[in-house]
Each structure stands twice: as C-alpha cells, then as structure tokens.
$ cat entry10.cif   # mmCIF, C-alpha atoms
data_work
loop_
_atom_site.label_atom_id
_atom_site.label_comp_id
_atom_site.auth_asym_id
_atom_site.auth_seq_id
_atom_site.Cartn_x
_atom_site.Cartn_y
_atom_site.Cartn_z
CA VAL A 193 16.22 -24.11 16.10
CA GLN A 194 15.53 -21.88 19.08
CA LEU A 195 16.14 -18.17 18.78
CA GLN A 196 17.33 -15.84 21.51
CA ALA A 197 17.11 -12.11 20.94
CA SER A 198 19.16 -9.72 23.05
CA GLY A 199 20.63 -6.26 23.10
CA GLY A 200 17.62 -4.08 23.80
CA GLY A 201 17.66 -1.25 26.27
CA LEU A 202 16.75 2.32 27.10
CA VAL A 203 18.54 4.92 24.98
CA GLN A 204 18.12 8.52 23.95
CA HIS A 205 17.03 9.96 20.61
CA GLY A 206 19.94 9.66 18.18
CA ASP A 207 21.71 6.86 20.03
CA SER A 208 22.59 3.42 18.67
CA LEU A 209 21.92 -0.16 19.72
CA ARG A 210 22.89 -3.52 18.31
CA LEU A 211 20.44 -6.35 18.64
CA SER A 212 21.54 -9.96 18.33
CA CYS A 213 19.62 -13.08 17.43
CA ALA A 214 21.41 -16.25 18.45
CA GLY A 215 20.52 -19.69 17.21
CA LEU A 216 20.37 -22.33 19.92
CA GLY A 217 20.23 -26.03 19.16
CA GLY A 218 20.77 -25.47 15.45
CA THR A 219 22.73 -23.42 12.96
CA LEU A 220 21.25 -20.18 11.70
CA ASN A 221 23.27 -20.72 8.53
CA ASN A 222 20.37 -22.88 7.35
CA TYR A 223 17.76 -20.19 7.86
CA HIS A 224 16.57 -16.91 6.49
CA VAL A 225 16.24 -14.50 9.42
CA GLY A 226 13.93 -11.56 9.87
CA TRP A 227 13.47 -8.86 12.48
CA PHE A 228 10.07 -7.53 13.44
CA ARG A 229 8.89 -5.11 16.08
CA GLN A 230 5.65 -4.52 17.89
CA ALA A 231 4.65 -1.47 19.86
CA PRO A 232 1.75 -1.55 22.35
CA GLY A 233 -1.58 -1.43 20.54
CA LYS A 234 0.02 -1.84 17.12
CA GLU A 235 0.46 -4.74 14.73
CA ARG A 236 3.73 -6.56 14.36
CA GLU A 237 5.85 -4.70 11.82
CA PHE A 238 8.58 -6.04 9.54
CA ILE A 239 11.92 -4.30 10.00
CA SER A 240 14.57 -6.23 8.10
CA GLY A 241 15.39 -9.65 6.67
CA ILE A 242 18.45 -11.47 5.40
CA ASN A 243 18.45 -14.66 3.42
CA TRP A 244 20.35 -17.77 4.47
CA ASN A 245 23.63 -16.88 2.72
CA GLY A 246 23.46 -13.12 3.12
CA ALA A 247 23.01 -12.49 -0.59
CA ALA A 248 19.60 -10.86 -0.20
CA ILE A 249 18.78 -8.18 2.36
CA TYR A 250 15.54 -6.30 2.85
CA TYR A 251 14.54 -3.28 4.93
CA ALA A 252 11.35 -1.49 5.76
CA ASP A 253 11.26 2.07 4.44
CA SER A 254 10.98 3.36 8.01
CA VAL A 255 14.46 2.08 8.92
CA LYS A 256 16.31 2.13 5.59
CA GLY A 257 19.59 4.01 5.93
CA ARG A 258 19.54 3.76 9.74
CA PHE A 259 19.45 0.02 10.43
CA THR A 260 21.82 -2.64 9.12
CA ILE A 261 21.29 -6.39 9.28
CA SER A 262 24.21 -8.80 9.09
CA ARG A 263 25.14 -12.41 9.71
CA ASP A 264 28.01 -13.70 11.81
CA ASN A 265 28.08 -17.36 10.86
CA ALA A 266 31.03 -18.13 13.11
CA LYS A 267 28.95 -17.04 16.10
CA ASN A 268 25.68 -18.42 14.76
CA THR A 269 24.16 -14.98 15.17
CA VAL A 270 22.32 -12.37 13.15
CA HIS A 271 22.76 -8.74 14.20
CA LEU A 272 20.62 -5.68 13.71
CA GLN A 273 22.65 -2.49 14.06
CA MET A 274 20.30 0.38 14.80
CA ASN A 275 21.63 3.93 14.44
CA SER A 276 19.97 7.33 14.76
CA LEU A 277 17.23 5.87 16.90
CA LYS A 278 13.96 7.77 17.21
CA PRO A 279 11.20 7.62 19.83
CA GLU A 280 8.97 5.96 17.22
CA ASP A 281 11.42 3.03 17.15
CA THR A 282 10.28 2.13 20.66
CA ALA A 283 8.90 -1.41 20.59
CA ALA A 284 9.57 -5.02 21.46
CA TYR A 285 11.87 -6.44 18.78
CA TYR A 286 11.61 -10.06 17.66
CA CYS A 287 13.77 -12.21 15.43
CA ALA A 288 12.34 -15.05 13.38
CA ALA A 289 13.72 -17.80 11.16
CA SER A 290 12.55 -19.52 8.00
CA PRO A 291 14.29 -22.65 6.62
CA TYR A 292 16.74 -21.92 3.80
CA ASN A 293 14.78 -23.94 1.25
CA ASN A 294 11.73 -21.71 1.66
CA TYR A 295 11.09 -19.06 -0.94
CA TYR A 296 12.42 -15.74 0.42
CA THR A 297 11.77 -12.62 -1.61
CA GLY A 298 11.22 -9.13 -0.31
CA ALA A 299 7.49 -9.80 -0.20
CA GLU A 300 7.94 -13.08 1.66
CA ALA A 301 10.35 -11.55 4.16
CA LYS A 302 7.66 -9.10 5.27
CA ARG A 303 5.10 -11.80 6.08
CA PRO A 304 5.19 -13.03 9.71
CA TYR A 305 3.60 -16.30 8.54
CA ALA A 306 6.66 -16.98 6.37
CA TYR A 307 8.67 -17.74 9.51
CA ASP A 308 8.53 -21.00 11.43
CA TYR A 309 10.51 -20.02 14.50
CA TRP A 310 10.37 -16.98 16.72
CA GLY A 311 12.50 -15.72 19.56
CA GLN A 312 11.28 -13.87 22.61
CA GLY A 313 11.20 -10.12 22.29
CA THR A 314 13.83 -7.68 23.44
CA GLN A 315 12.56 -4.25 24.44
CA VAL A 316 13.94 -1.11 22.85
CA THR A 317 12.90 2.20 24.38
CA VAL A 318 14.03 5.48 22.86
CA SER A 319 13.46 8.61 24.91
CA SER A 320 13.03 12.02 23.31
#
$ encode --input "entry10.cif" --output "structure tokens"
Amino acid sequence: VQLQASGGGLVQHGDSLRLSCAGLGGTLNNYHVGWFRQAPGKEREFISGINWNGAAIYYADSVKGRFTISRDNAKNTVHLQMNSLKPEDTAAYYCAASPYNNYYTGAEAKRPYAYDYWGQGTQVTVSS
C-alpha cells in the first residue's frame, strides 16, 4: 500500500488542523496506522497510532487530550485531528502502516521500525 499524507499548513497558536493519511493501491483496513513527526535537527517522534480495527489507540503524552486519531474505512483514510496547536508542534508529519497481523501494542506503535510503509511528510507550522 502507498500512503499519502495531507492537510498540513501554517496556523496560529491555538488553531486546529486535520491531517489525513490515504491508502493508495490497497486498503488501510488491513493495516495498523501510526503518525510521527520530525522537526529540523530532531529525531522522528511518535505521535499517535491506531490498530487495524480501531479497537486500540495510542498517543504520546505531548499530544494527549489535544490530538485525536480516527479511521474512516469508507474513505480508506486515517485522520489526525489536531486541536490547541502549539509552536512546539511545528514539524513534518508522517503516517506509516504496519500489516494487521503484526503485533501492535503501545510499545510497538512507538517504534518506527514496526512500520513497513511510510507516506511523504506534510508540513505543519504553528506560529506564536
């Protein structure tokens, strides 16, 4: 499956954005999906993950209560709703997919190497 991330942009502190990760050439229903971000000079950071059927959802402490991940199986898309954005949320955001039959716990979701497929990044810039 190919992944296409979209929805980034330039917003102000406190604004909201919704990122989307679309599956191309395959159904995302068969994959666990995670969101990561990477700011210049920093390591790639786990943000959120959702297992293949939506029964398990994980968030990084830095975004818990502000970000919400969800699946729209009809549209073959996983969304990341980001509210109350802060300047420190500025980064390139990436979605990634892991086949449904892979083990997917909270610990696994945080590991970039747990994912077999990656989309291109979408830039989120939050001004103060």
$ closest_residue --input "entry10.cif" --among "A:Ala306, A:Ala231, A:Val316, A:Cys213" --to "A:Pro291" --atoms "all atoms listed in the file"
A:Ala306
$ atom_distance --input "entry10.cif" --atom1 "atom CA of A:Lys234" --atom2 "atom CA of A:Tyr286"
14.2 Å
$ resolve_selection --input "entry10.cif" --expression "the PyMOL selection byres ((chain A and resi 237-247) around 8)" --output "PyMOL selection string"
chain A and resi 220-230+235-236+248-252+254-255+261-263+292+296+301-304
$ closest_residue --input "entry10.cif" --among "A:Gly257, A:Gly206, A:Gly215, A:Gly200" --to "A:Ala288" --atoms "all atoms listed in the file"
A:Gly215
$ residues_around --input "entry10.cif" --residues "A:Ser208" --least-positions-apart "4" --cutoff "10 Å" --atoms "only C-alpha atoms" --output "list of chain:residue names"
A:Val203, A:Gln204, A:Arg258, A:Phe259, A:Gln273, A:Met274, A:Asn275, A:Ser276, A:Leu277, A:Lys278, A:Val318
$ atom_distance --input "entry10.cif" --atom1 "atom CA of A:Ser212" --atom2 "atom CA of A:Ser198"
5.3 Å
$ atom_distance --input "entry10.cif" --atom1 "atom CA of A:Val193" --atom2 "atom CA of A:Gly233"
29.2 Å
$ residues_around --input "entry10.cif" --residues "A:Thr219" --least-positions-apart "4" --cutoff "10 Å" --atoms "all atoms listed in the file" --output "ChimeraX atom specification"
/A:193-194,214-215,223,265-269
$ write_last_selection --input "entry10.cif" --atoms "C-alpha atoms" --output "PDB file, in the coordinates of the input"
ATOM      1  CA  VAL A 193      16.220 -24.110  16.100  1.00  0.00           C
ATOM      2  CA  GLN A 194      15.530 -21.880  19.080  1.00  0.00           C
ATOM      3  CA  ALA A 214      21.410 -16.250  18.450  1.00  0.00           C
ATOM      4  CA  GLY A 215      20.520 -19.690  17.210  1.00  0.00           C
ATOM      5  CA  TYR A 223      17.760 -20.190   7.860  1.00  0.00           C
ATOM      6  CA  ASN A 265      28.080 -17.360  10.860  1.00  0.00           C
ATOM      7  CA  ALA A 266      31.030 -18.130  13.110  1.00  0.00           C
ATOM      8  CA  LYS A 267      28.950 -17.040  16.100  1.00  0.00           C
ATOM      9  CA  ASN A 268      25.680 -18.420  14.760  1.00  0.00           C
ATOM     10  CA  THR A 269      24.160 -14.980  15.170  1.00  0.00           C
TER      11      THR A 269
END
$ closest_residue --input "entry10.cif" --among "A:Thr297, A:Ser320, A:Thr260, A:Gln312" --to "A:Leu202" --atoms "only C-alpha atoms"
A:Ser320
$ closest_residue --input "entry10.cif" --among "A:Pro279, A:Gly199, A:Asn294, A:Asp253" --to "A:Gln315" --atoms "all atoms listed in the file"
A:Gly199
$ closest_residue --input "entry10.cif" --among "A:Leu216, A:Leu272, A:Ala299, A:Ala283" --to "A:Ser319" --atoms "all atoms listed in the file"
A:Ala283
$ closest_residue --input "entry10.cif" --among "A:Tyr305, A:His205, A:Thr282, A:Asp264" --to "A:Thr317" --atoms "only C-alpha atoms"
A:Thr282
